[in-house]
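First comes the structure, then the notes that go with it.
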Amino acid sequence: MSRSTSAPEALRTLRQRGSVALGIVAMSLGGLMAVLSVFSGEPSLVLIGAMLLLVAIGWVLFIRPSVVLTIVGVGLENPFRRTTIPWSHIEDVSPRWNLEVWAGGKAYPAWAIASHIERPKRQGIPGYGKLGLDEVATNAPKPSEGATVGSASRLIETAMSEYAQLVAEGDSAAVTGREITRTWDWLDIACVVAPLLVILVGIVS
C-alpha cells in the first residue's frame, strides 16, 4: 500500500447514533423553516439566517464530528478542529465524559463519542489483523452503527497493541516519523459564519 502524504484511507469511522439523529432533525427543521420563510409573503432575513444557523449547528456539532481510525493513527474530527494522532504517539485512551486520546502527556477529547454508563463486555474485541480490519468481532461497531466510549476505547487499544507488535517485528507496514497535527476546519467555520452574516444583514437593513 502506498504511503502518500495525502489523507490516509479511513478503516473505520465512529459516530454515535443519537447525535447523528439529533443533527438530522435540526438540519431538517431548519432547512424546512428557511424554505418556508423564503416563499412567505415578507421573508425575514433574520429568521432565514436563524434557521440556516440551526442547519449549520446540526451539521457542525452533531453529524460531522467523528473518530476516524486509519492505518497511520487516529483522526479526531471535532467541531472547527481536526486532530491527527499517529499510533506511535498514542499513550492511552480514557473513557471520561468524552473519549480522550492521550499523546505526549496531553489529552485530546473526541467530541463525537460522549460517555454514558456502560459495563465492559467480558470478551475483548479482536483487532484489525495488521491494522487492516481483516478480523471483525461480532461486538465491534460496524461503520454504519453507533459507537460508545467503551467500544471506541477497546478498538483503539487493540489497534495500539497491534501497532506495537508490528514495530517490534520490524514490519515495513508500520508507519513512523509522523507528528501530531491540528488544523482548523474552514468548512465548519464557513457553515456558521454565513448564517450569522445573513442575520447581521437582516438586523441592519
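Letters A, B, ... mark the chains of the C-alpha cells in the order given; residue numbers begin at 1 per chain; ligand numbers begin at 1, in order shown.
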Selection: 12 Å around A:Gly104, only C-alpha atoms, excl. self and same-chain fewer than 2 positions, as a list in words: Ile85, Pro86, Trp87, Ser88, His89, Ile90, Glu91, Asp92, Val101, Trp102, Lys106, Ala107, Tyr108, Glu179 and Ile180 of chain A
Generate the output file for the selected residues, C-alpha atoms, as a short mmCIF file (atom, residue, chain, number, x, y, z; two decimals), in the first residue's frame.
data_model
loop_
_atom_site.label_atom_id
_atom_site.label_comp_id
_atom_site.auth_asym_id
_atom_site.auth_seq_id
_atom_site.Cartn_x
_atom_site.Cartn_y
_atom_site.Cartn_z
CA ILE A 85 -2.53 11.42 16.15
CA PRO A 86 -0.16 8.74 14.81
CA TRP A 87 -0.19 5.33 16.50
CA SER A 88 3.42 5.86 17.54
CA HIS A 89 2.38 8.86 19.68
CA ILE A 90 -0.72 7.42 21.38
CA GLU A 91 -0.11 6.59 25.05
CA ASP A 92 -3.56 5.76 26.39
CA VAL A 101 -6.85 10.05 23.41
CA TRP A 102 -3.63 10.70 25.33
CA LYS A 106 -1.84 15.67 26.72
CA ALA A 107 -5.46 14.59 26.40
CA TYR A 108 -7.22 15.12 23.08
CA GLU A 179 3.73 14.08 14.03
CA ILE A 180 0.53 15.13 15.75
#
task: For each of A:Val72, A:Leu45, A:Leu32, A:Val20, take the minimum atom-to-atom distance to A:Ile203, counting only C-alpha atoms, then give the residue where this is smallest.
output: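 Closest candidate: A:Leu45.
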- request: Find the residue from A:Glu77, A:Glu100, A:Glu162, A:Glu42 that sits nearest to A:Val60; use only C-alpha atoms when measuring.
  value: A:Glu77
query: With distances taken over only C-alpha atoms, which of A:Ala21, A:Ala164, A:Ala34, A:Val204 is nearest to A:Arg64?
result: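 For A:Arg64, the nearest of the given residues is A:Ala21.
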task: DSSP on the backbone, then: every residue of stretch 24-100 of chain A marked strand (DSSP E or B), written as a list in words.
output: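 Secondary structure check on stretch 24-100 of chain A, strand (DSSP E or B): Ser66, Val67, Val68, Leu69, Thr70, Gly73, Val74, Gly75, Leu76, Glu77, Asn78, Arg81, Arg82, Thr83, Thr84, Ile85, Pro86, Ile90, Glu91, Asp92, Val93, Ser94, Pro95, Asn98, Leu99 and Glu100 of chain A.
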Can those selected residues be exported to a file as a short mmCIF file (atom, residue, chain, number, x, y, z; two decimals), in the first residue's frame so that it contains N, CA, C and O atoms?
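selection08.cif, freshly written:
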data_model
loop_
_atom_site.label_atom_id
_atom_site.label_comp_id
_atom_site.auth_asym_id
_atom_site.auth_seq_id
_atom_site.Cartn_x
_atom_site.Cartn_y
_atom_site.Cartn_z
N SER A 66 -16.49 13.01 14.35
CA SER A 66 -16.28 11.57 14.29
C SER A 66 -14.89 11.23 14.80
O SER A 66 -14.04 12.11 14.96
N VAL A 67 -14.69 9.95 15.06
CA VAL A 67 -13.37 9.41 15.36
C VAL A 67 -13.03 8.48 14.21
O VAL A 67 -13.75 7.53 13.93
N VAL A 68 -11.94 8.78 13.52
CA VAL A 68 -11.57 8.04 12.31
C VAL A 68 -10.30 7.24 12.59
O VAL A 68 -9.26 7.80 12.95
N LEU A 69 -10.39 5.93 12.44
CA LEU A 69 -9.23 5.06 12.60
C LEU A 69 -8.65 4.76 11.22
O LEU A 69 -9.37 4.31 10.33
N THR A 70 -7.37 5.04 11.06
CA THR A 70 -6.70 4.81 9.79
C THR A 70 -5.47 3.94 10.02
O THR A 70 -5.13 3.59 11.15
N GLY A 73 -3.00 6.13 12.19
CA GLY A 73 -3.33 6.64 13.51
C GLY A 73 -4.81 6.93 13.67
O GLY A 73 -5.66 6.37 12.98
N VAL A 74 -5.10 7.84 14.59
CA VAL A 74 -6.48 8.21 14.94
C VAL A 74 -6.72 9.66 14.53
O VAL A 74 -5.92 10.55 14.84
N GLY A 75 -7.82 9.89 13.84
CA GLY A 75 -8.22 11.24 13.48
C GLY A 75 -9.42 11.66 14.30
O GLY A 75 -10.42 10.94 14.35
N LEU A 76 -9.34 12.79 14.97
CA LEU A 76 -10.45 13.33 15.76
C LEU A 76 -11.06 14.50 15.00
O LEU A 76 -10.46 15.56 14.89
N GLU A 77 -12.24 14.27 14.48
CA GLU A 77 -12.96 15.31 13.74
C GLU A 77 -13.90 16.01 14.70
O GLU A 77 -15.04 15.60 14.88
N ASN A 78 -13.42 17.08 15.32
CA ASN A 78 -14.22 17.84 16.27
C ASN A 78 -14.77 19.10 15.60
O ASN A 78 -14.29 19.49 14.53
N ARG A 81 -12.23 21.91 14.46
CA ARG A 81 -10.84 21.47 14.59
C ARG A 81 -10.69 20.02 14.15
O ARG A 81 -11.56 19.19 14.37
N ARG A 82 -9.54 19.73 13.52
CA ARG A 82 -9.18 18.37 13.15
C ARG A 82 -7.83 18.02 13.77
O ARG A 82 -6.89 18.79 13.66
N THR A 83 -7.77 16.87 14.42
CA THR A 83 -6.53 16.42 15.04
C THR A 83 -6.20 15.03 14.54
O THR A 83 -7.05 14.14 14.54
N THR A 84 -4.95 14.85 14.11
CA THR A 84 -4.48 13.54 13.67
C THR A 84 -3.34 13.11 14.58
O THR A 84 -2.35 13.83 14.74
N ILE A 85 -3.51 11.94 15.20
CA ILE A 85 -2.53 11.42 16.15
C ILE A 85 -2.00 10.08 15.64
O ILE A 85 -2.75 9.11 15.56
N PRO A 86 -0.72 10.01 15.28
CA PRO A 86 -0.16 8.74 14.81
C PRO A 86 -0.16 7.69 15.92
O PRO A 86 -0.09 8.01 17.11
N ILE A 90 0.40 7.67 20.46
CA ILE A 90 -0.72 7.42 21.38
C ILE A 90 -0.23 6.66 22.61
O ILE A 90 0.42 5.61 22.49
N GLU A 91 -0.54 7.19 23.79
CA GLU A 91 -0.11 6.59 25.05
C GLU A 91 -1.24 5.84 25.76
O GLU A 91 -1.02 4.81 26.38
N ASP A 92 -2.46 6.37 25.66
CA ASP A 92 -3.56 5.76 26.39
C ASP A 92 -4.87 6.30 25.84
O ASP A 92 -4.90 7.30 25.10
N VAL A 93 -5.95 5.65 26.21
CA VAL A 93 -7.30 6.09 25.87
C VAL A 93 -8.11 6.15 27.15
O VAL A 93 -8.11 5.20 27.94
N SER A 94 -8.79 7.25 27.38
CA SER A 94 -9.52 7.45 28.62
C SER A 94 -11.01 7.65 28.33
O SER A 94 -11.39 8.61 27.65
N PRO A 95 -11.87 6.76 28.84
CA PRO A 95 -13.32 6.93 28.66
C PRO A 95 -13.92 7.79 29.75
O PRO A 95 -14.55 7.31 30.69
N ASN A 98 -16.06 12.46 27.63
CA ASN A 98 -15.93 12.13 26.21
C ASN A 98 -14.71 11.23 26.07
O ASN A 98 -13.85 11.20 26.95
N LEU A 99 -14.67 10.51 24.97
CA LEU A 99 -13.47 9.73 24.69
C LEU A 99 -12.27 10.66 24.61
O LEU A 99 -12.33 11.70 23.95
N GLU A 100 -11.19 10.32 25.30
CA GLU A 100 -9.96 11.11 25.28
C GLU A 100 -8.79 10.24 24.83
O GLU A 100 -8.60 9.14 25.36
#
Nearest to A:Leu14 by atom-to-atom distance, counting only C-alpha atoms, from A:Ala103, A:Trp59, A:Ala50, A:Ala110: A:Ala110
task: Please provide as a PyMOL selection string all residues within 12 Å of A:Leu53, with the sequence filter that same-chain residues fewer than 2 positions apart are discarded (counting only C-alpha atoms).
output: chain A and resi 26-27+29-31+33-34+45-51+55-61+188-199
Same residues, N, CA and C atoms, output as a short mmCIF file (atom, residue, chain, number, x, y, z; two decimals), in the first residue's frame:
data_model
loop_
_atom_site.label_atom_id
_atom_site.label_comp_id
_atom_site.auth_asym_id
_atom_site.auth_seq_id
_atom_site.Cartn_x
_atom_site.Cartn_y
_atom_site.Cartn_z
N ALA A 26 -32.31 18.57 13.45
CA ALA A 26 -32.02 20.01 13.43
C ALA A 26 -31.88 20.53 12.01
N MET A 27 -31.17 19.79 11.16
CA MET A 27 -30.98 20.24 9.79
C MET A 27 -32.29 20.22 9.00
N LEU A 29 -35.41 20.45 10.24
CA LEU A 29 -36.30 21.51 10.74
C LEU A 29 -35.83 22.89 10.26
N GLY A 30 -34.54 23.14 10.41
CA GLY A 30 -34.00 24.43 9.99
C GLY A 30 -34.13 24.66 8.50
N GLY A 31 -33.85 23.62 7.70
CA GLY A 31 -33.97 23.75 6.25
C GLY A 31 -35.41 23.99 5.82
N MET A 33 -37.90 25.31 7.63
CA MET A 33 -38.34 26.64 8.05
C MET A 33 -37.70 27.73 7.18
N ALA A 34 -36.44 27.53 6.77
CA ALA A 34 -35.78 28.50 5.91
C ALA A 34 -36.47 28.59 4.56
N LEU A 45 -34.92 38.20 6.75
CA LEU A 45 -33.54 37.72 6.70
C LEU A 45 -33.07 37.21 8.06
N VAL A 46 -33.54 37.82 9.12
CA VAL A 46 -33.15 37.38 10.46
C VAL A 46 -33.65 35.96 10.71
N LEU A 47 -34.92 35.68 10.36
CA LEU A 47 -35.48 34.36 10.56
C LEU A 47 -34.79 33.34 9.65
N ILE A 48 -34.58 33.72 8.39
CA ILE A 48 -33.90 32.81 7.46
C ILE A 48 -32.50 32.49 7.95
N GLY A 49 -31.79 33.52 8.41
CA GLY A 49 -30.44 33.31 8.93
C GLY A 49 -30.43 32.42 10.16
N ALA A 50 -31.43 32.62 11.03
CA ALA A 50 -31.51 31.80 12.24
C ALA A 50 -31.76 30.34 11.90
N MET A 51 -32.62 30.08 10.92
CA MET A 51 -32.89 28.70 10.52
C MET A 51 -31.69 28.07 9.82
N VAL A 55 -29.39 24.75 10.84
CA VAL A 55 -28.88 23.73 9.92
C VAL A 55 -27.37 23.54 10.13
N ALA A 56 -26.66 24.66 10.24
CA ALA A 56 -25.21 24.60 10.44
C ALA A 56 -24.85 23.92 11.75
N ILE A 57 -25.60 24.22 12.80
CA ILE A 57 -25.34 23.61 14.11
C ILE A 57 -25.57 22.10 14.04
N GLY A 58 -26.63 21.70 13.35
CA GLY A 58 -26.90 20.27 13.21
C GLY A 58 -25.75 19.54 12.54
N TRP A 59 -25.15 20.18 11.52
CA TRP A 59 -24.04 19.57 10.80
C TRP A 59 -22.74 19.63 11.59
N VAL A 60 -22.40 20.82 12.08
CA VAL A 60 -21.09 21.04 12.71
C VAL A 60 -20.98 20.34 14.06
N LEU A 61 -22.03 20.37 14.86
CA LEU A 61 -21.96 19.85 16.22
C LEU A 61 -22.38 18.40 16.36
N ASP A 188 -16.41 24.07 8.47
CA ASP A 188 -17.25 24.26 9.66
C ASP A 188 -17.40 25.75 9.97
N ILE A 189 -16.28 26.46 9.93
CA ILE A 189 -16.32 27.89 10.24
C ILE A 189 -17.21 28.63 9.24
N ALA A 190 -17.07 28.30 7.95
CA ALA A 190 -17.89 28.95 6.93
C ALA A 190 -19.37 28.64 7.11
N CYS A 191 -19.67 27.40 7.51
CA CYS A 191 -21.07 27.00 7.69
C CYS A 191 -21.75 27.81 8.79
N VAL A 192 -20.99 28.23 9.81
CA VAL A 192 -21.56 29.01 10.90
C VAL A 192 -21.52 30.50 10.60
N VAL A 193 -20.45 30.96 9.98
CA VAL A 193 -20.30 32.40 9.71
C VAL A 193 -21.33 32.89 8.70
N ALA A 194 -21.61 32.08 7.67
CA ALA A 194 -22.54 32.50 6.62
C ALA A 194 -23.93 32.84 7.17
N PRO A 195 -24.56 31.98 7.98
CA PRO A 195 -25.86 32.35 8.55
C PRO A 195 -25.78 33.56 9.48
N LEU A 196 -24.68 33.69 10.22
CA LEU A 196 -24.54 34.86 11.09
C LEU A 196 -24.48 36.14 10.29
N LEU A 197 -23.84 36.10 9.12
CA LEU A 197 -23.81 37.28 8.26
C LEU A 197 -25.20 37.61 7.73
N VAL A 198 -25.99 36.57 7.40
CA VAL A 198 -27.35 36.80 6.96
C VAL A 198 -28.17 37.46 8.05
N ILE A 199 -28.00 36.98 9.30
CA ILE A 199 -28.72 37.58 10.42
C ILE A 199 -28.29 39.03 10.61
#
message: So the first atom is atom CA of A:Pro65 and the second is atom CA of A:Trp111; what is the distance between them in Å, to one decimal place?
response: 6.4 Å
query: Which value, in Å to one decimal, gives the distance between atom CA of A:Arg154 and atom CA of A:Thr13?
result: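 These two atoms are separated by 14.3 Å.
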